[in-house]
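Participant: Sharing a structure here in structure tokens format.
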Amino acid sequence: MLTVDTAGIIEQANEAARLLLAGAAAGMPLARVAPAWLSRAHLEVCAGRRVGQRASGPVGGPVFEAHPVHAGRDRVTWWLVDVDDHQRVVEELRAEREWTAFMVEASVELLSSLNLERCLEATARLAARRLADAALVVMPLDPRRYAIVSCDPRGEVSREHASVDPRTLPGLVEALQGFPPAPTRWVEPAEAPGWVLRDLGGEVGGEVGGEVGSVAVTALPGHGLATGALVLLRRTPRAGFSDAEKVFAPLFTAWAGAAISVARLYTEQAAIAETLMAELLPPTAPPLEGVELAARYRPAGDSERVGGDFYDVHPVGGSGRESLVVLGDVSGKGLEAAVLTGRIRNILRALVPLADDHHRVLELLNGALLANGDPTSFVTLVLASIERRAHQVVVRLTSAGHPPPLILRNDGRVEPVHAVGTLIGLMEHITSVTESVLLEPGETCLLYSDGIVEARGGPLGDEFFGEERLCEQLRQCAGMPPEALADRVQMLACQWVGAGEHDDMAVVAITAPREPSHRAPP
């Protein structure tokens, strides 16, 4: 504390002022012992040009703020406060807030997506913006190939899959080993191979500061897996992290590694699921010699692709004279039903050589399901063996607890086929009845699952679509091509349900081709 009169003479100085300003004592001119900025501020206060405004400046090394207080008409008391520590704390707080905001942004961007490419790009982009001037993410794909995602100083991201030798960059092999993560290794730019500096070196070197000054290699630790490594390129030759970087860089690499690890695991599992799903999806109906065929399938859930209904078409069955079409409905819904569907389809595929004897096929399938020991695993089926004879088509039909096939004649008549039988997978002994029908050119045999006739909807939303309503609609579809007929049946059931819940729906239309003279012109 200093009290100074309007003439600039010190009247009083406490002990702290005397220690700070050598020679500061009563009777000494302020200009002789104080820095110029304080003397100038005193003159301005006395002249009325600085009213209550503080002044600041260095005293020796530290920076002080001087706060004026009028102690009368002819004197001013100055309180000097060391603000060096305060400014340092403010700067540290500002830097920490910036890092915290960066980590929040990084966590949102990295942890909100299961897309592997997006995670790799975000890691490279965020690292280049905050930890370095440019960055690369290196992720192993197999022992020889690596995914390399790089971000240059302009924020532009590039991706490639390349065959590189990780031993050419010191520290990279250790960083790729996985858990526990290896510490960050700083590498001289001369030790970095061309594939590291190829895209980024020129851009970094083109900025003020010359060539790449330092390179760091750090691990991206995953869940016990070799997730990848992060390579940082800086213009400055200083190797090492600042105090703040030492705190936040490991957090960033841990989050990035976890995000990449989860995204990669999800991608791999999705690929496996897609491969397995391909075996469960209903097949595209192949062309059959001497017959026209169309099939449609809709699972119960809008987000599902497979379910408990299925159909299969085998161009050659039994002795080879007939084609075999199978339509079935297994117990349950969703993925569990789809798994049972896949098992039954595989068994039936193995039994195709026995397709001349429908009852034998059903017996063997029944035995296989009973041997599984699951009382909830059962299925209803209809088997249709198809043979072209001159201009007609003979269809042998066997139903095992399934809704009866319908024959649509050219005159609009709809005839149910009474090929009854017990469902498969519940009882040790089964019964079945096989009936043969003759299709004239243009006539259709319609196979369908109970999801069609048991579609619940209508005006009140609680009425089955029913076989009677289905037959009534089919009478208006005489002569319709099988593709149009299958679409029509499925559309009617879906319209009846509306937005309500429904079971899986499967439809197969088998049509005897019309004579060439009766074909519509192209």
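Labels for the structure tokens follow display order: chains A, B, ..., residues from 1 in each chain, ligands from 1.
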At a cut-off of 12 Å, using only C-alpha atoms, what residues contact Val104 of chain A? Leave out same-chain residues fewer than 4 positions from it and give the result as a VMD selection string.
Facilitator: chain A and resid 97 to 100 108 to 112 126 248 251 to 252 255
Participant: Kindly save the residues from that selection, with N, CA and C atoms included, as an mmCIF file, in the first residue's frame.
Facilitator:
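Printed below is again-v7.cif as written:
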data_model
loop_
_atom_site.group_PDB
_atom_site.id
_atom_site.type_symbol
_atom_site.label_atom_id
_atom_site.label_comp_id
_atom_site.auth_asym_id
_atom_site.auth_seq_id
_atom_site.Cartn_x
_atom_site.Cartn_y
_atom_site.Cartn_z
ATOM 1 N N ARG A 97 -10.963 -25.855 -19.716
ATOM 2 C CA ARG A 97 -12.314 -25.826 -20.266
ATOM 3 C C ARG A 97 -12.305 -26.210 -21.746
ATOM 4 N N GLU A 98 -11.288 -25.740 -22.476
ATOM 5 C CA GLU A 98 -11.183 -26.110 -23.884
ATOM 6 C C GLU A 98 -10.995 -27.610 -24.033
ATOM 7 N N TRP A 99 -10.137 -28.194 -23.187
ATOM 8 C CA TRP A 99 -9.912 -29.635 -23.259
ATOM 9 C C TRP A 99 -11.174 -30.404 -22.879
ATOM 10 N N THR A 100 -11.872 -29.903 -21.845
ATOM 11 C CA THR A 100 -13.100 -30.574 -21.422
ATOM 12 C C THR A 100 -14.144 -30.535 -22.529
ATOM 13 N N VAL A 108 -19.090 -37.705 -27.576
ATOM 14 C CA VAL A 108 -20.366 -37.746 -28.293
ATOM 15 C C VAL A 108 -20.176 -38.313 -29.690
ATOM 16 N N GLU A 109 -19.126 -37.854 -30.387
ATOM 17 C CA GLU A 109 -18.924 -38.278 -31.766
ATOM 18 C C GLU A 109 -18.463 -39.726 -31.856
ATOM 19 N N LEU A 110 -17.630 -40.153 -30.897
ATOM 20 C CA LEU A 110 -17.067 -41.499 -30.969
ATOM 21 C C LEU A 110 -18.026 -42.561 -30.437
ATOM 22 N N LEU A 111 -18.740 -42.231 -29.378
ATOM 23 C CA LEU A 111 -19.528 -43.257 -28.696
ATOM 24 C C LEU A 111 -20.980 -43.304 -29.145
ATOM 25 N N SER A 112 -21.363 -42.411 -30.066
ATOM 26 C CA SER A 112 -22.750 -42.399 -30.506
ATOM 27 C C SER A 112 -22.966 -43.142 -31.813
ATOM 28 N N LEU A 126 -10.308 -35.687 -35.022
ATOM 29 C CA LEU A 126 -10.215 -35.072 -33.705
ATOM 30 C C LEU A 126 -8.768 -34.990 -33.234
ATOM 31 N N PHE A 248 -5.217 -35.500 -20.853
ATOM 32 C CA PHE A 248 -6.355 -35.733 -21.736
ATOM 33 C C PHE A 248 -6.049 -36.683 -22.901
ATOM 34 N N LEU A 251 -7.017 -40.246 -22.110
ATOM 35 C CA LEU A 251 -8.476 -40.393 -22.089
ATOM 36 C C LEU A 251 -9.033 -40.477 -23.504
ATOM 37 N N PHE A 252 -8.504 -39.610 -24.381
ATOM 38 C CA PHE A 252 -8.973 -39.613 -25.758
ATOM 39 C C PHE A 252 -8.669 -40.939 -26.451
ATOM 40 N N TRP A 255 -10.995 -43.688 -25.131
ATOM 41 C CA TRP A 255 -12.357 -43.613 -25.681
ATOM 42 C C TRP A 255 -12.379 -44.009 -27.149
#
Participant: For Leu293 of chain A, work out the shell of residues within 8 Å, counting only C-alpha atoms and skipping chain neighbours fewer than 4 positions away, then give it as an NGL selection string.
Facilitator: :A and (285 or 287-288 or 482-483 or 508-511)
Participant: Please report, as CSV, each residue of segment 369-414 of chain A lying at most 12 Å from segment 311-330 of chain A, together with the nearest pair of atoms and the separation in Å rounded to one decimal; use only C-alpha atoms, and order rows by chain and ascending residue number.
Facilitator:
residue,atom,partner,partner_atom,distance
A:Leu369,CA,A:Val330,CA,11.4
A:Thr376,CA,A:Val330,CA,9.6
A:Ser377,CA,A:Val330,CA,7.4
A:Phe378,CA,A:Val330,CA,5.9
A:Val379,CA,A:Val330,CA,4.1
A:Thr380,CA,A:Asp329,CA,5.3
A:Leu381,CA,A:Gly328,CA,4.3
A:Val382,CA,A:Leu327,CA,5.5
A:Leu383,CA,A:Val326,CA,4.9
A:Ala384,CA,A:Val325,CA,5.0
A:Ser385,CA,A:Leu324,CA,4.5
A:Ile386,CA,A:Ser323,CA,5.0
A:Glu387,CA,A:Glu322,CA,4.8
A:Arg388,CA,A:Glu322,CA,8.1
A:Arg389,CA,A:Arg321,CA,10.4
A:Val393,CA,A:Glu322,CA,10.4
A:Val394,CA,A:Glu322,CA,9.3
A:Val395,CA,A:Glu322,CA,9.0
A:Arg396,CA,A:Leu324,CA,9.4
A:Leu397,CA,A:Val325,CA,9.6
A:Thr398,CA,A:Val326,CA,9.9
A:Ser399,CA,A:Gly328,CA,9.6
A:Ala400,CA,A:Gly328,CA,9.1
A:Gly401,CA,A:Gly328,CA,9.7
A:His402,CA,A:Gly328,CA,7.6
A:Pro403,CA,A:Gly328,CA,9.9
A:Pro404,CA,A:Leu327,CA,11.5
A:Pro405,CA,A:Leu327,CA,10.4
Participant: Running DSSP on the backbone, which parts of segment 380-497 of chain A land in helix (DSSP H, G or I), as a ChimeraX atom specification?
Facilitator: /A:450-453,467-477,482-497
Participant: Taking 2 positions as the minimum chain separation for residues in the same chain, which residues sit within 6 Å of Ala300 of chain A when counting only C-alpha atoms? Answer as a PyMOL selection string.
Facilitator: chain A and resi 502-504
Participant: For those residues, write C-alpha atoms to a file as a CSV table (one decimal), in the first residue's frame.
Facilitator:
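Listing of out29.csv after writing:
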chain,number,residue,atom,x,y,z
A,502,HIS,CA,-50.3,-59.9,-38.1
A,503,ASP,CA,-48.6,-63.3,-38.4
A,504,ASP,CA,-46.0,-64.2,-41.1
Participant: So that I can see what lies close to Ala16 of chain A, please list as a PyMOL selection string the residues with an atom at most 12 Å from it, counting only C-alpha atoms and leaving out residues fewer than 2 positions away in the same chain.
Facilitator: chain A and resi 1-2+12-14+18-22+24-25+79-82
Participant: Take the residues just selected and output them with C-alpha atoms as a PDB file, in the first residue's frame.
Facilitator:
ATOM      1  CA  MET A   1       0.000   0.000   0.000  1.00  0.00           C
ATOM      2  CA  LEU A   2       1.239   3.464  -0.942  1.00  0.00           C
ATOM      3  CA  GLN A  12       3.176   6.470   3.545  1.00  0.00           C
ATOM      4  CA  ALA A  13       4.307   2.973   2.460  1.00  0.00           C
ATOM      5  CA  ASN A  14       3.594  -0.238   4.343  1.00  0.00           C
ATOM      6  CA  ARG A  18       8.870  -1.152   0.874  1.00  0.00           C
ATOM      7  CA  LEU A  19       9.891  -4.734   0.070  1.00  0.00           C
ATOM      8  CA  LEU A  20       8.439  -4.501  -3.431  1.00  0.00           C
ATOM      9  CA  LEU A  21       9.665  -0.981  -4.326  1.00  0.00           C
ATOM     10  CA  ALA A  22      13.216  -0.386  -3.218  1.00  0.00           C
ATOM     11  CA  ALA A  24       9.811   3.528  -1.144  1.00  0.00           C
ATOM     12  CA  ALA A  25       9.516   5.679   1.975  1.00  0.00           C
ATOM     13  CA  TRP A  79      -3.242  -0.840  -3.381  1.00  0.00           C
ATOM     14  CA  LEU A  80      -0.946  -3.117  -5.407  1.00  0.00           C
ATOM     15  CA  VAL A  81      -2.105  -6.712  -5.989  1.00  0.00           C
ATOM     16  CA  ASP A  82       0.058  -9.456  -7.539  1.00  0.00           C
TER      17      ASP A  82
END
Participant: For a test of reading the model, state the distance in Å between atom CA of Ala34 of chain A and atom CA of Val69 of chain A, rounded to one decimal.
Facilitator: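 Atom CA of Val69 of chain A lies 17.4 Å from atom CA of Ala34 of chain A.
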Participant: Mind listing the strand (DSSP E or B) residues of segment 20-71 of chain A, per DSSP on the backbone, as a list in words?
Facilitator: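 Here is the list: Pro29, Ala55, Ser56, Gly57, Pro58, Val63, Phe64, Glu65, Ala66, His67, Pro68, Val69 and His70 of chain A.
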Participant: With N, CA and C atoms retained, write the just-selected residues as a compact mmCIF listing (two decimals), in the first residue's frame.
Facilitator:
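Below is the file again.txt, written as the result:
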# COMPACT_ATOMS: atom_id res chain seq x y z
N PRO A 29 9.93 10.76 -3.98
CA PRO A 29 9.06 10.92 -5.16
C PRO A 29 8.66 9.52 -5.68
N ALA A 55 -4.89 0.31 -12.76
CA ALA A 55 -3.79 0.23 -13.72
C ALA A 55 -3.05 -1.07 -13.47
N SER A 56 -2.32 -1.53 -14.47
CA SER A 56 -1.59 -2.79 -14.31
C SER A 56 -0.29 -2.72 -15.09
N GLY A 57 0.68 -3.49 -14.63
CA GLY A 57 1.97 -3.55 -15.31
C GLY A 57 2.95 -4.34 -14.48
N PRO A 58 4.10 -4.62 -15.05
CA PRO A 58 5.09 -5.42 -14.32
C PRO A 58 5.84 -4.59 -13.28
N VAL A 63 3.45 -9.37 -12.62
CA VAL A 63 2.51 -8.34 -13.03
C VAL A 63 1.62 -8.00 -11.84
N PHE A 64 1.43 -6.66 -11.62
CA PHE A 64 0.61 -6.18 -10.52
C PHE A 64 -0.52 -5.33 -11.07
N GLU A 65 -1.63 -5.35 -10.34
CA GLU A 65 -2.71 -4.41 -10.56
C GLU A 65 -2.69 -3.38 -9.45
N ALA A 66 -2.84 -2.08 -9.81
CA ALA A 66 -2.84 -0.98 -8.84
C ALA A 66 -4.22 -0.36 -8.79
N HIS A 67 -4.86 -0.40 -7.63
CA HIS A 67 -6.22 0.10 -7.46
C HIS A 67 -6.17 1.42 -6.68
N PRO A 68 -6.63 2.55 -7.27
CA PRO A 68 -6.56 3.84 -6.58
C PRO A 68 -7.78 4.08 -5.68
N VAL A 69 -7.49 4.65 -4.49
CA VAL A 69 -8.55 5.05 -3.56
C VAL A 69 -8.21 6.45 -3.06
N HIS A 70 -9.09 7.41 -3.26
CA HIS A 70 -8.85 8.78 -2.80
C HIS A 70 -8.88 8.82 -1.28
Participant: In Å to one decimal, how far is atom CA of Gly342 of chain A from atom CA of Leu276 of chain A?
Facilitator: 9.7 Å
Participant: Using only C-alpha atoms, which residues sit within 8 Å of Val215 of chain A once same-chain residues fewer than 2 positions away are excluded, as a PDB file with N, CA and C atoms, in the first residue's frame?
Facilitator:
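Resulting contents of selection-v1.pdb:
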ATOM      1  N   TRP A 186       7.885 -41.452 -29.097  1.00  0.00           N
ATOM      2  CA  TRP A 186       8.198 -40.333 -29.986  1.00  0.00           C
ATOM      3  C   TRP A 186       9.315 -40.748 -30.927  1.00  0.00           C
ATOM      4  N   VAL A 187       9.116 -40.462 -32.195  1.00  0.00           N
ATOM      5  CA  VAL A 187      10.010 -40.948 -33.243  1.00  0.00           C
ATOM      6  C   VAL A 187      10.565 -39.752 -34.016  1.00  0.00           C
ATOM      7  N   GLU A 188      11.819 -39.819 -34.367  1.00  0.00           N
ATOM      8  CA  GLU A 188      12.393 -38.795 -35.247  1.00  0.00           C
ATOM      9  C   GLU A 188      11.757 -38.905 -36.630  1.00  0.00           C
ATOM     10  N   PRO A 189      11.422 -37.787 -37.274  1.00  0.00           N
ATOM     11  CA  PRO A 189      10.797 -37.848 -38.600  1.00  0.00           C
ATOM     12  C   PRO A 189      11.601 -38.658 -39.604  1.00  0.00           C
ATOM     13  N   ALA A 192      10.510 -42.246 -39.784  1.00  0.00           N
ATOM     14  CA  ALA A 192       9.166 -42.577 -40.259  1.00  0.00           C
ATOM     15  C   ALA A 192       9.220 -42.964 -41.731  1.00  0.00           C
ATOM     16  N   VAL A 212       8.072 -31.842 -41.109  1.00  0.00           N
ATOM     17  CA  VAL A 212       7.544 -32.500 -39.917  1.00  0.00           C
ATOM     18  C   VAL A 212       8.622 -32.499 -38.845  1.00  0.00           C
ATOM     19  N   GLY A 213       8.227 -31.998 -37.666  1.00  0.00           N
ATOM     20  CA  GLY A 213       9.226 -31.870 -36.608  1.00  0.00           C
ATOM     21  C   GLY A 213       9.271 -33.048 -35.668  1.00  0.00           C
ATOM     22  N   VAL A 217       3.762 -42.212 -31.777  1.00  0.00           N
ATOM     23  CA  VAL A 217       2.988 -43.433 -32.021  1.00  0.00           C
ATOM     24  C   VAL A 217       2.392 -43.875 -30.692  1.00  0.00           C
ATOM     25  N   VAL A 231      -1.099 -42.372 -35.012  1.00  0.00           N
ATOM     26  CA  VAL A 231       0.187 -41.742 -35.336  1.00  0.00           C
ATOM     27  C   VAL A 231      -0.050 -40.238 -35.444  1.00  0.00           C
ATOM     28  N   LEU A 232       0.679 -39.449 -34.644  1.00  0.00           N
ATOM     29  CA  LEU A 232       0.550 -37.993 -34.615  1.00  0.00           C
ATOM     30  C   LEU A 232       1.748 -37.353 -35.288  1.00  0.00           C
ATOM     31  N   LEU A 233       1.502 -36.382 -36.155  1.00  0.00           N
ATOM     32  CA  LEU A 233       2.569 -35.648 -36.825  1.00  0.00           C
ATOM     33  C   LEU A 233       2.472 -34.175 -36.445  1.00  0.00           C
ATOM     34  N   ARG A 234       3.580 -33.623 -35.964  1.00  0.00           N
ATOM     35  CA  ARG A 234       3.620 -32.223 -35.540  1.00  0.00           C
ATOM     36  C   ARG A 234       4.715 -31.464 -36.292  1.00  0.00           C
ATOM     37  N   ALA A 239       9.461 -33.084 -28.672  1.00  0.00           N
ATOM     38  CA  ALA A 239       8.856 -34.391 -28.438  1.00  0.00           C
ATOM     39  C   ALA A 239       8.265 -34.423 -27.037  1.00  0.00           C
TER      40      ALA A 239
END
Participant: Residues within 10 Å of Ile452 of chain A, please, as a PyMOL selection string. Count only C-alpha atoms; anything in the same chain fewer than 2 positions from it doesn't count.
Facilitator: chain A and resi 403+448-450+454-456+464-467+470+489-494+496-497+502-507
Participant: Between A:Glu268, A:Asp309, A:Glu279, A:Glu160, which has the minimum distance to Leu116 of chain A (counting only C-alpha atoms)?
Facilitator: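 Of A:Glu268, A:Asp309, A:Glu279, A:Glu160, the one nearest Leu116 of chain A, counting only C-alpha atoms, is A:Glu268.
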